[in-house]
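Q: Just one file: upload-v6.cif, with mmCIF, C-alpha atoms.
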data_coords
loop_
_atom_site.label_atom_id
_atom_site.label_comp_id
_atom_site.auth_asym_id
_atom_site.auth_seq_id
_atom_site.Cartn_x
_atom_site.Cartn_y
_atom_site.Cartn_z
CA MET A 1 0.00 0.00 0.00
CA ALA A 2 2.83 2.38 0.85
CA ASN A 3 4.48 1.72 -2.55
CA ALA A 4 1.18 2.31 -4.34
CA ALA A 5 0.67 5.60 -2.51
CA GLY A 6 4.20 6.66 -3.37
CA LEU A 7 3.60 5.81 -7.06
CA VAL A 8 0.45 7.95 -7.12
CA GLU A 9 2.26 10.87 -5.47
CA THR A 10 5.11 10.56 -7.99
CA LYS A 11 2.64 10.70 -10.90
CA VAL A 12 1.03 13.82 -9.43
CA ILE A 13 4.44 15.50 -9.10
CA ARG A 14 5.31 14.57 -12.70
CA LYS A 15 2.10 16.19 -13.98
CA ARG A 16 2.76 19.36 -11.98
CA LEU A 17 6.28 19.63 -13.33
CA MET A 18 5.05 19.22 -16.90
CA GLY A 19 2.43 21.90 -16.33
CA ASN A 20 5.02 24.33 -14.93
CA GLY A 21 7.14 24.37 -18.07
CA PHE A 22 9.70 21.94 -16.67
CA LEU A 23 8.90 19.29 -19.30
CA PRO A 24 12.14 19.52 -21.38
CA GLU A 25 14.34 19.23 -18.30
CA LEU A 26 12.20 16.44 -16.88
CA GLU A 27 12.25 14.47 -20.13
CA GLY A 28 16.03 14.80 -20.32
CA ILE A 29 16.38 13.45 -16.80
CA LYS A 30 14.02 10.58 -17.59
CA LYS A 31 16.03 9.60 -20.67
CA ARG A 32 19.31 9.59 -18.79
CA LEU A 33 17.77 7.56 -15.98
CA ARG A 34 16.22 5.09 -18.43
CA CYS A 35 19.60 4.47 -20.10
CA ASN A 36 21.12 3.61 -16.76
CA ASN A 37 18.13 1.58 -15.54
CA ARG A 38 17.64 4.06 -12.70
CA THR A 39 14.60 5.88 -11.28
CA LEU A 40 13.89 9.38 -10.00
CA LEU A 41 14.68 8.14 -6.51
CA ASP A 42 18.26 7.45 -7.60
CA LEU A 43 19.00 11.16 -8.09
CA ASN A 44 21.16 12.76 -5.44
CA ASP A 45 19.67 15.20 -2.95
CA ASP A 46 20.93 18.33 -4.72
CA CYS A 47 19.24 17.36 -7.98
CA LEU A 48 16.00 16.48 -6.25
CA LEU A 49 16.04 19.76 -4.37
CA GLU A 50 16.32 21.71 -7.62
CA VAL A 51 13.41 19.70 -9.04
CA PHE A 52 11.26 20.38 -5.97
CA LYS A 53 11.81 24.12 -6.27
CA TYR A 54 9.63 24.07 -9.39
CA LEU A 55 6.65 22.77 -7.39
CA ASN A 56 4.03 24.93 -5.72
CA GLN A 57 3.21 24.96 -2.00
CA ILE A 58 0.56 22.21 -2.05
CA ASP A 59 2.67 19.89 -4.22
CA LEU A 60 5.50 20.14 -1.71
CA CYS A 61 3.11 18.86 0.95
CA HIS A 62 2.36 15.82 -1.25
CA VAL A 63 6.07 15.28 -1.93
CA GLN A 64 6.63 14.61 1.75
CA ASN A 65 4.24 11.64 1.54
CA VAL A 66 6.26 9.84 -1.14
CA CYS A 67 9.07 8.61 1.14
CA THR A 68 10.95 9.63 4.24
CA ARG A 69 13.90 10.83 2.16
CA PHE A 70 11.73 13.50 0.51
CA VAL A 71 10.58 14.99 3.82
CA PRO A 72 13.67 17.17 4.57
CA LEU A 73 14.15 18.01 0.89
CA ALA A 74 10.58 19.30 0.51
CA GLU A 75 11.04 21.28 3.71
CA ARG A 76 14.20 22.91 2.35
CA ALA A 77 12.38 23.77 -0.88
CA PHE A 78 9.51 25.37 1.04
CA ALA A 79 11.98 27.24 3.25
CA SER A 80 13.43 28.85 0.12
CA ILE A 81 9.91 30.09 -0.73
CA VAL A 82 9.46 31.51 2.76
CA ARG A 83 12.77 33.38 2.64
CA LYS A 84 11.71 35.28 -0.47
CA LYS A 85 8.84 36.99 1.39
CA HIS A 86 9.42 38.46 4.85
CA ASP A 87 5.85 39.08 6.00
CA TRP A 88 3.46 36.19 5.35
CA SER A 89 -0.29 36.01 5.90
CA LYS A 90 -2.97 33.41 5.36
CA SER A 91 -3.90 35.04 2.05
CA ASP A 92 -0.44 34.14 0.71
CA MET A 93 -1.25 30.46 1.07
CA GLU A 94 -2.41 28.58 -2.02
CA GLY A 95 -5.41 26.29 -2.32
CA SER A 96 -8.58 25.47 -0.43
CA ALA A 97 -9.14 25.68 3.32
CA SER A 98 -8.14 22.05 3.78
CA ASN A 99 -4.97 22.55 1.76
CA ILE A 100 -4.07 25.66 3.77
CA ARG A 101 -4.49 23.69 6.97
CA LEU A 102 -2.22 21.03 5.50
CA LEU A 103 0.40 23.68 4.72
CA PHE A 104 0.41 24.87 8.32
CA TYR A 105 0.70 21.33 9.65
CA LYS A 106 3.58 20.50 7.31
CA PHE A 107 5.52 23.76 7.22
CA GLY A 108 4.17 26.04 9.94
CA HIS A 109 7.42 25.81 11.90
CA LEU A 110 9.33 27.48 9.04
CA PHE A 111 7.62 30.87 9.36
CA SER A 112 9.40 33.56 11.36
CA SER A 113 6.89 36.34 10.64
CA PHE A 114 3.14 35.99 10.15
CA ARG A 115 0.11 38.29 9.89
CA ILE A 116 -3.36 36.92 10.65
CA TYR A 117 -6.52 38.71 9.50
CA GLU A 118 -9.98 38.02 10.94
CA ASN A 119 -10.55 34.74 12.75
CA ILE A 120 -8.38 31.64 12.48
CA ASP A 121 -8.43 28.27 14.20
CA VAL A 122 -6.29 27.87 17.29
CA ASP A 123 -4.66 24.65 16.08
CA ILE A 124 -3.26 26.51 13.05
CA VAL A 125 -1.62 29.15 15.23
CA GLU A 126 -0.14 26.34 17.33
CA ARG A 127 1.81 25.22 14.28
CA LEU A 128 3.71 28.53 14.13
CA THR A 129 6.17 27.17 16.66
CA HIS A 130 9.17 29.31 15.60
CA VAL A 131 7.40 32.53 14.75
CA GLN A 132 9.22 35.65 16.00
CA SER A 133 6.80 38.33 14.77
CA LEU A 134 3.04 37.84 14.98
CA ILE A 135 0.42 40.42 13.96
CA LEU A 136 -3.22 39.69 14.79
CA VAL A 137 -5.81 41.88 13.05
CA ARG A 138 -9.49 42.05 14.10
CA LEU A 139 -9.49 38.74 15.94
CA ASN A 140 -11.80 37.71 18.74
CA ILE A 141 -9.26 36.32 21.16
CA GLY A 142 -10.47 33.82 23.71
CA TRP A 143 -8.42 32.19 26.45
CA LYS A 144 -7.30 29.33 24.17
CA MET A 145 -5.89 31.68 21.55
CA ALA A 146 -4.24 33.83 24.20
CA SER A 147 -2.67 30.72 25.71
CA VAL A 148 -1.19 29.62 22.37
CA VAL A 149 0.19 33.07 21.61
CA CYS A 150 1.79 33.52 25.00
CA LYS A 151 3.41 30.09 24.96
CA ALA A 152 5.29 30.81 21.72
CA LYS A 153 8.91 30.34 22.80
CA HIS A 154 10.55 32.47 20.11
CA LEU A 155 7.99 35.28 19.87
CA LYS A 156 9.60 38.73 20.11
CA ILE A 157 7.01 41.00 18.44
CA LEU A 158 3.27 40.83 19.10
CA ASP A 159 0.89 43.36 17.53
CA LEU A 160 -2.82 43.22 18.34
CA VAL A 161 -4.69 45.45 15.88
CA ASP A 162 -8.32 46.15 16.79
CA CYS A 163 -8.66 42.77 18.54
CA LYS A 164 -11.28 41.88 21.13
CA PHE A 165 -10.67 39.71 24.17
CA VAL A 166 -13.77 37.61 24.72
CA SER A 167 -14.75 35.15 27.46
CA GLU A 168 -15.81 31.78 26.10
CA ASP A 169 -18.31 29.20 27.33
CA LYS A 170 -19.04 28.99 31.06
CA GLY A 171 -17.51 32.38 31.74
CA ASN A 172 -13.88 31.36 31.33
CA THR A 173 -12.53 34.84 32.07
CA SER A 174 -10.57 33.48 35.02
CA LEU A 175 -8.87 30.98 32.72
CA VAL A 176 -7.46 33.83 30.71
CA THR A 177 -5.58 35.16 33.70
CA SER A 178 -4.70 31.92 35.42
CA LYS A 179 -3.70 29.57 32.59
CA CYS A 180 -2.91 31.35 29.38
CA ILE A 181 -0.14 33.70 30.53
CA GLN A 182 2.15 31.76 32.80
CA LYS A 183 5.51 31.96 31.02
CA LYS A 184 7.96 33.78 33.28
CA ASP A 185 10.98 34.10 31.00
CA SER A 186 9.31 35.58 27.94
CA SER A 187 11.37 36.83 25.00
CA LEU A 188 8.77 39.44 23.99
CA ILE A 189 10.37 42.83 23.38
CA ARG A 190 7.55 44.61 21.49
CA LEU A 191 3.88 44.53 22.50
CA ILE A 192 1.31 46.65 20.64
CA PHE A 193 -2.35 47.10 21.58
CA GLN A 194 -3.78 49.22 18.78
CA GLN A 195 -7.19 50.84 19.36
CA LYS A 196 -8.28 48.43 22.11
CA VAL A 197 -6.62 47.04 25.23
CA PRO A 198 -7.52 43.74 26.91
CA PRO A 199 -9.14 43.53 30.37
CA ILE A 200 -6.89 44.87 33.11
CA ARG A 201 -6.05 41.42 34.51
CA ILE A 202 -4.80 40.17 31.14
CA PHE A 203 -2.92 43.41 30.54
CA ARG A 204 -1.18 43.10 33.91
CA LYS A 205 -0.20 39.49 33.20
CA PHE A 206 1.33 40.44 29.88
CA LEU A 207 3.53 43.02 31.59
CA GLN A 208 4.45 40.77 34.52
CA CYS A 209 5.60 37.95 32.24
CA ASN A 210 7.56 40.17 29.86
CA GLN A 211 10.04 41.99 32.06
CA GLU A 212 12.39 42.62 29.10
CA LEU A 213 9.74 44.56 27.19
CA ARG A 214 11.28 47.49 25.30
CA CYS A 215 8.42 48.78 23.12
CA LEU A 216 4.77 49.22 24.16
CA GLY A 217 1.89 50.49 22.03
CA ILE A 218 -1.37 51.68 23.65
CA PRO A 219 -4.35 53.94 22.88
CA ILE A 220 -3.89 57.54 23.96
CA ASP A 221 -6.94 57.44 26.28
CA ILE A 222 -5.82 54.46 28.35
CA PRO A 223 -7.30 54.47 31.91
CA GLN A 224 -5.35 55.34 35.04
CA ASN A 225 -5.16 51.78 36.41
CA TYR A 226 -3.39 50.64 33.22
CA ILE A 227 -0.86 53.46 33.60
CA CYS A 228 -0.08 52.28 37.13
CA HIS A 229 0.73 48.76 35.97
CA ILE A 230 2.94 50.05 33.15
CA LEU A 231 4.97 52.13 35.60
CA LYS A 232 5.25 49.18 37.96
CA HIS A 233 6.16 46.37 35.56
CA ALA A 234 7.58 48.02 32.42
CA GLN A 235 10.21 50.44 33.58
CA ARG A 236 12.65 49.28 30.92
CA LEU A 237 10.55 50.72 28.12
CA SER A 238 12.53 52.81 25.65
CA GLU A 239 9.88 53.05 22.91
CA LEU A 240 6.30 54.25 23.36
CA VAL A 241 3.76 54.05 20.52
CA LEU A 242 0.52 55.98 21.03
CA PHE A 243 -2.66 55.64 18.95
CA THR A 244 -5.05 58.58 18.91
CA ASN A 245 -8.80 58.31 18.57
CA ASP A 246 -11.86 60.52 18.99
CA SER A 247 -11.26 60.91 22.72
CA ASP A 248 -9.51 64.01 24.07
CA ASN A 249 -8.46 62.24 27.27
CA GLY A 250 -4.71 62.07 26.75
CA SER A 251 -3.47 63.88 29.84
CA LEU A 252 -2.64 60.62 31.62
CA ILE A 253 -0.02 59.88 28.98
CA TYR A 254 2.00 62.85 30.20
CA GLU A 255 2.28 61.16 33.59
CA LEU A 256 3.43 57.94 31.92
CA VAL A 257 6.09 59.65 29.80
CA ARG A 258 7.28 61.73 32.77
CA ASN A 259 7.82 58.69 34.99
CA LEU A 260 9.41 56.29 32.53
CA LYS A 261 13.13 55.99 33.11
CA SER A 262 14.45 56.04 29.56
CA PRO A 263 11.92 56.89 26.84
CA LYS A 264 13.95 57.43 23.66
CA LEU A 265 11.38 56.86 20.93
CA LEU A 266 7.89 58.34 20.74
CA ALA A 267 5.59 57.36 17.88
CA LEU A 268 2.19 59.05 17.48
CA ASN A 269 -0.31 57.49 15.09
CA GLY A 270 -3.31 59.52 13.97
CA VAL A 271 -6.74 58.62 12.69
CA VAL A 272 -8.12 58.48 9.18
CA ASN A 273 -9.68 61.95 9.38
CA LEU A 274 -6.49 63.91 9.88
CA ILE A 275 -6.25 66.09 12.99
CA THR A 276 -3.61 68.44 14.31
CA ILE A 277 -1.18 67.05 16.85
CA ALA A 278 0.19 70.36 18.14
CA PRO A 279 -1.63 70.51 21.56
CA PHE A 280 -0.64 66.99 22.55
CA LEU A 281 2.90 67.47 21.30
CA GLU A 282 3.21 70.60 23.44
CA GLY A 283 2.33 68.55 26.53
CA ILE A 284 4.90 65.90 25.63
CA LYS A 285 7.57 68.56 25.11
CA GLN A 286 6.97 69.99 28.57
CA THR A 287 6.96 66.51 30.13
CA THR A 288 10.30 65.19 28.90
CA ALA A 289 13.36 66.35 27.02
CA ASP A 290 14.94 62.89 26.56
CA ILE A 291 13.13 61.79 23.40
CA SER A 292 15.57 61.41 20.50
CA LEU A 293 13.34 59.71 17.90
CA LEU A 294 9.93 61.13 16.95
CA ILE A 295 7.51 59.49 14.50
CA LEU A 296 4.29 61.28 13.46
CA THR A 297 1.84 59.38 11.23
CA ASP A 298 -1.44 60.61 9.71
CA PHE A 299 -1.62 64.10 11.23
CA ILE A 300 -1.93 67.62 9.93
CA ILE A 301 1.55 69.12 10.16
CA ASP A 302 0.98 72.86 10.43
CA LEU A 303 3.26 75.73 11.42
CA GLU A 304 2.42 75.34 15.12
CA THR A 305 3.39 71.67 15.05
CA VAL A 306 6.68 72.40 13.29
CA THR A 307 7.48 75.14 15.81
CA ILE A 308 6.94 72.77 18.75
CA ILE A 309 9.10 70.06 17.18
CA SER A 310 11.89 72.57 16.58
CA GLU A 311 12.03 73.20 20.34
CA MET A 312 12.76 69.51 21.13
CA LYS A 313 16.52 69.94 20.91
CA ASN A 314 17.49 66.31 21.66
CA LEU A 315 15.83 64.94 18.53
CA GLN A 316 18.17 62.95 16.32
CA HIS A 317 15.68 61.08 14.15
CA ILE A 318 12.36 62.44 12.79
CA VAL A 319 9.75 60.72 10.62
CA ILE A 320 6.81 62.86 9.47
CA ASN A 321 4.10 61.12 7.45
CA GLY A 322 1.12 63.43 7.14
CA ARG A 323 -0.44 66.38 5.35
CA ILE A 324 2.03 69.25 5.28
CA THR A 325 0.22 72.62 5.38
CA CYS A 326 3.20 74.83 6.16
CA ALA A 327 5.63 76.25 3.63
CA GLY A 328 8.90 74.62 2.65
CA THR A 329 10.83 77.37 4.41
CA GLU A 330 9.37 76.20 7.74
CA ILE A 331 10.67 72.68 7.06
CA VAL A 332 14.13 74.11 6.42
CA THR A 333 13.91 76.12 9.66
CA LEU A 334 12.96 72.94 11.53
CA VAL A 335 16.07 71.14 10.27
CA ALA A 336 18.29 74.11 11.09
CA SER A 337 16.97 74.42 14.66
CA LEU A 338 17.84 70.84 15.67
CA PRO A 339 21.61 70.59 16.18
CA LEU A 340 21.68 66.80 16.67
CA LEU A 341 19.39 65.80 13.79
CA ASN A 342 21.05 63.12 11.63
CA ASN A 343 18.07 61.27 10.10
CA PHE A 344 15.07 63.06 8.57
CA THR A 345 12.17 61.46 6.68
CA ILE A 346 9.19 63.49 5.47
CA SER A 347 6.17 62.57 3.37
CA PHE A 348 4.29 65.36 1.63
CA LYS A 349 1.22 63.18 0.93
CA SER A 350 0.17 65.31 -2.02
CA CYS A 351 0.29 62.43 -4.48
CA SER A 352 -1.25 59.73 -2.32
CA THR A 353 -4.24 61.63 -0.90
CA GLY A 354 -5.02 64.32 -3.43
CA TYR A 355 -4.30 67.13 -0.96
CA GLN A 356 -2.60 70.06 -2.62
CA THR A 357 0.16 70.59 -0.10
CA GLN A 358 3.50 72.35 -0.23
CA ASN A 359 5.52 70.72 -2.97
CA GLY A 360 9.19 69.94 -2.77
CA SER A 361 11.73 71.64 -4.96
CA THR A 362 15.41 71.45 -5.77
CA SER A 363 16.04 74.74 -3.94
CA MET A 364 14.32 73.43 -0.79
CA LEU A 365 16.44 70.28 -0.97
CA LYS A 366 19.57 72.42 -1.25
CA TYR A 367 18.55 74.52 1.77
CA ILE A 368 17.84 71.39 3.86
CA VAL A 369 21.28 70.02 3.02
CA LYS A 370 22.80 73.35 4.00
CA ALA A 371 20.81 73.58 7.26
CA GLY A 372 21.33 69.98 8.43
CA ARG A 373 24.94 70.12 9.50
CA GLU A 374 24.76 66.70 11.18
CA LEU A 375 22.38 65.18 8.63
CA ASP A 376 23.57 61.90 7.12
CA PHE A 377 20.24 60.54 5.80
CA LEU A 378 17.37 62.42 4.14
CA LYS A 379 14.25 60.82 2.64
CA LEU A 380 11.43 62.61 0.79
CA PHE A 381 8.18 60.78 -0.04
CA PHE A 382 5.39 61.83 -2.44
CA VAL A 383 7.25 64.97 -3.45
CA ARG A 384 6.02 66.88 -6.51
CA ASP A 385 7.73 69.12 -9.02
CA ILE A 386 11.31 68.24 -8.18
CA HIS A 387 13.73 68.07 -11.10
CA ILE A 388 17.41 67.32 -10.53
CA ASN A 389 19.82 67.77 -13.40
CA LYS A 390 23.61 67.77 -13.49
CA ASN A 391 23.85 71.44 -12.49
CA ASP A 392 21.52 70.90 -9.52
CA TYR A 393 23.61 67.95 -8.42
CA ALA A 394 26.81 69.98 -8.68
CA GLU A 395 25.25 72.71 -6.51
CA LEU A 396 24.21 70.13 -3.91
CA VAL A 397 27.76 68.77 -3.82
CA ASP A 398 29.14 72.28 -3.34
CA VAL A 399 26.69 73.10 -0.54
CA PHE A 400 27.36 69.80 1.19
CA GLN A 401 31.14 70.20 1.12
CA LYS A 402 31.07 73.78 2.37
CA ASN A 403 28.49 73.51 5.14
CA SER A 404 28.37 69.92 6.39
CA ARG A 405 30.49 68.36 9.10
CA LYS A 406 29.37 64.90 8.02
CA ALA A 407 31.58 62.76 5.84
CA ARG A 408 28.66 61.31 3.87
CA LEU A 409 25.01 62.10 3.06
CA SER A 410 22.43 59.79 1.47
CA ILE A 411 19.31 61.34 -0.07
CA GLY A 412 16.30 59.28 -1.14
CA ILE A 413 13.48 60.73 -3.22
CA GLU A 414 10.19 58.96 -3.98
CA GLY A 415 8.36 61.34 -6.27
CA CYS A 416 5.24 61.85 -8.34
CA LYS A 417 5.03 59.78 -11.51
CA LEU A 418 4.27 62.81 -13.65
CA SER A 419 6.27 65.66 -12.14
CA THR A 420 9.52 64.09 -10.93
CA SER A 421 12.62 63.80 -13.06
CA PHE A 422 16.22 62.91 -12.39
CA ASP A 423 18.94 63.59 -14.92
CA VAL A 424 22.08 62.52 -13.08
CA PRO A 425 23.73 59.28 -14.24
CA MET A 426 24.56 56.95 -11.40
CA CYS A 427 28.20 56.95 -12.48
CA VAL A 428 28.69 60.58 -11.43
CA HIS A 429 27.51 59.91 -7.88
CA ARG A 430 30.19 60.72 -5.39
CA ALA A 431 31.07 58.63 -2.38
CA ASP A 432 30.20 61.47 -0.02
CA LEU A 433 26.86 62.48 -1.59
CA LYS A 434 24.51 59.93 -3.08
CA ILE A 435 20.97 60.50 -4.38
CA ASP A 436 18.57 57.64 -5.11
CA TYR A 437 15.16 58.28 -6.59
CA GLU A 438 12.10 56.46 -7.82
CA ARG A 439 8.62 57.36 -8.95
CA SER A 440 6.13 56.34 -6.29
CA LYS A 441 4.06 53.26 -7.07
CA ARG A 442 1.37 54.67 -4.77
CA CYS A 443 1.09 57.95 -6.68
CA THR A 444 -2.46 58.44 -8.01
CA CYS A 445 -1.88 61.62 -10.03
CA THR A 446 -3.48 61.69 -13.48
CA ASN A 447 -2.65 65.20 -14.62
#
Can the structure in the file be given as structure tokens, please?

A:
Amino acid sequence: MANAAGLVETKVIRKRLMGNGFLPELEGIKKRLRCNNRTLLDLNDDCLLEVFKYLNQIDLCHVQNVCTRFVPLAERAFASIVRKKHDWSKSDMEGSASNIRLLFYKFGHLFSSFRIYENIDVDIVERLTHVQSLILVRLNIGWKMASVVCKAKHLKILDLVDCKFVSEDKGNTSLVTSKCIQKKDSSLIRLIFQQKVPPIRIFRKFLQCNQELRCLGIPIDIPQNYICHILKHAQRLSELVLFTNDSDNGSLIYELVRNLKSPKLLALNGVVNLITIAPFLEGIKQTTADISLLILTDFIIDLETVTIISEMKNLQHIVINGRITCAGTEIVTLVASLPLLNNFTISFKSCSTGYQTQNGSTSMLKYIVKAGRELDFLKLFFVRDIHINKNDYAELVDVFQKNSRKARLSIGIEGCKLSTSFDVPMCVHRADLKIDYERSKRCTCTN
């Protein structure tokens, strides 16, 4: 029976290979084997591995059923598929629901990063035994799912995006706190609760069992009792990610930032309907002066906001991804006012959202290079109407050499498809000043 099953599996593999355009190579192998009275099983492992790389995900599952020798070879072939894509999700799996379940059972241990949308069976998550980064989106998490997630030995990053913690049959809320989170030596270093936090008992357990936690993400209106547990159990935090919502209750965050020992990174994430971040940023500025990395996402960046940022003198790294309503001269002033700034990324959003915001220009780029005396990396996203020719590049080189104390500066430009041009051959790029550009794939401009 085993030989019959293996013969069937071999025929299926042969058909798949023929359908994938591998027929000439396969026929050549068959002829050489036939002359020597040998079979496909007589090929060495390297040859078989190259053959298996032509198969799809489901076929590799069937290959493992042919014989025990094929099991590690099929696994190596699937591992090469996994390495080509860093962030996997269930939608990347091929086939029906039963075939997807088979994929997890066969190769789930090979994934190091996985993103799960909507609901998924607990036994599938159990198969991700070596996952290091896990993102759960809009899941209803009961105590069984929480138990599986928290027992993952290699998990370092856990993001819960708009998830709900629900009690299951017979009111098993107590099981969530008593059974699911018992691992004392957790390797978790990043824990994100976006939009919603779990019940206080679960939240406390997460913090107690992850004493090495370095990054925590929470909604901006988190209650006082949650703040107390953060200050008690997560004093090693160096990165704080805050998610805004329709609530104005963000004053408790100032207490959290003030009492943390070493907050170095502060990331603020806005809502879909863009709002100004200036009032909250003013409170943060008065609370602490230790923040060196600031990330602003989906906010209106007006003159008031830029002025407040320019007063945070310890900033070394800034990422601004929002709707810029101030003039380009204010952006240059911001760069000039921060003496330690070495990494600056800004997205103008004019191409991606249709907002007619301040466009970038070659002169603005030149002024930023002149103002950022410690700047070694500059990235511009969604910038319109910027045209760099050989003369512009020569001027940038001259400005950089005369005004910069840095030995090297890298500039990246992701521009509008219609209004961005770059007329500097790569061969003229200098070692001390390099400009890379591309037309944004997300640009929606039509005129």

Q: For region 221-231 of chain A, list every protein, DNA or RNA residue within 12 Å, evaluated using only C-alpha atoms, and leave out those in the same chain fewer than 5 positions away; present the list as a ChimeraX atom specification.

A: /A:193-208,210-211,213-216,236-237,240,242-262

Q: Which distance in Å separates CA of Gln235 (chain A) and CA of Ala267 (chain A), to one decimal?

A: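 Answer for the CA of Gln235 (chain A) to CA of Ala267 (chain A) separation: 17.8 Å.
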
Q: Return the single residue from A:Gln64, A:Asn56, A:Thr307, A:Asn321 that is closest to Ala278 (chain A), with distances computed using all atoms listed in the file.

A: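 Among the listed residues, the smallest separation from Ala278 (chain A) belongs to A:Thr307.
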
Q: Ranking A:Val66, A:Leu41, A:Val148, A:Ile291 by minimum distance to Ser238 (chain A) and counting all atoms listed in the file, which one comes first?

A: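 The closest residue to Ser238 (chain A) is A:Ile291.
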
Q: Could you tell me how far CA of Ile116 (chain A) lies from CA of Leu136 (chain A), in Å and to one decimal?

A: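 Separation between CA of Ile116 (chain A) and CA of Leu136 (chain A): 5.0 Å.
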
Q: For the structure shown, which residues end up in the PyMOL selection byres ((chain A and resi 362) around 10)? Put them as a list in words, please?

A: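 Output from the PyMOL selection byres ((chain A and resi 362) around 10), applied to this file: Gly360, Ser361, Ser363, Met364, Leu365, Lys366, Tyr367, Ile368, Asp385, Ile386, His387, Ile388, Asn389, Asp392, Tyr393, Glu395 and Leu396 of chain A.
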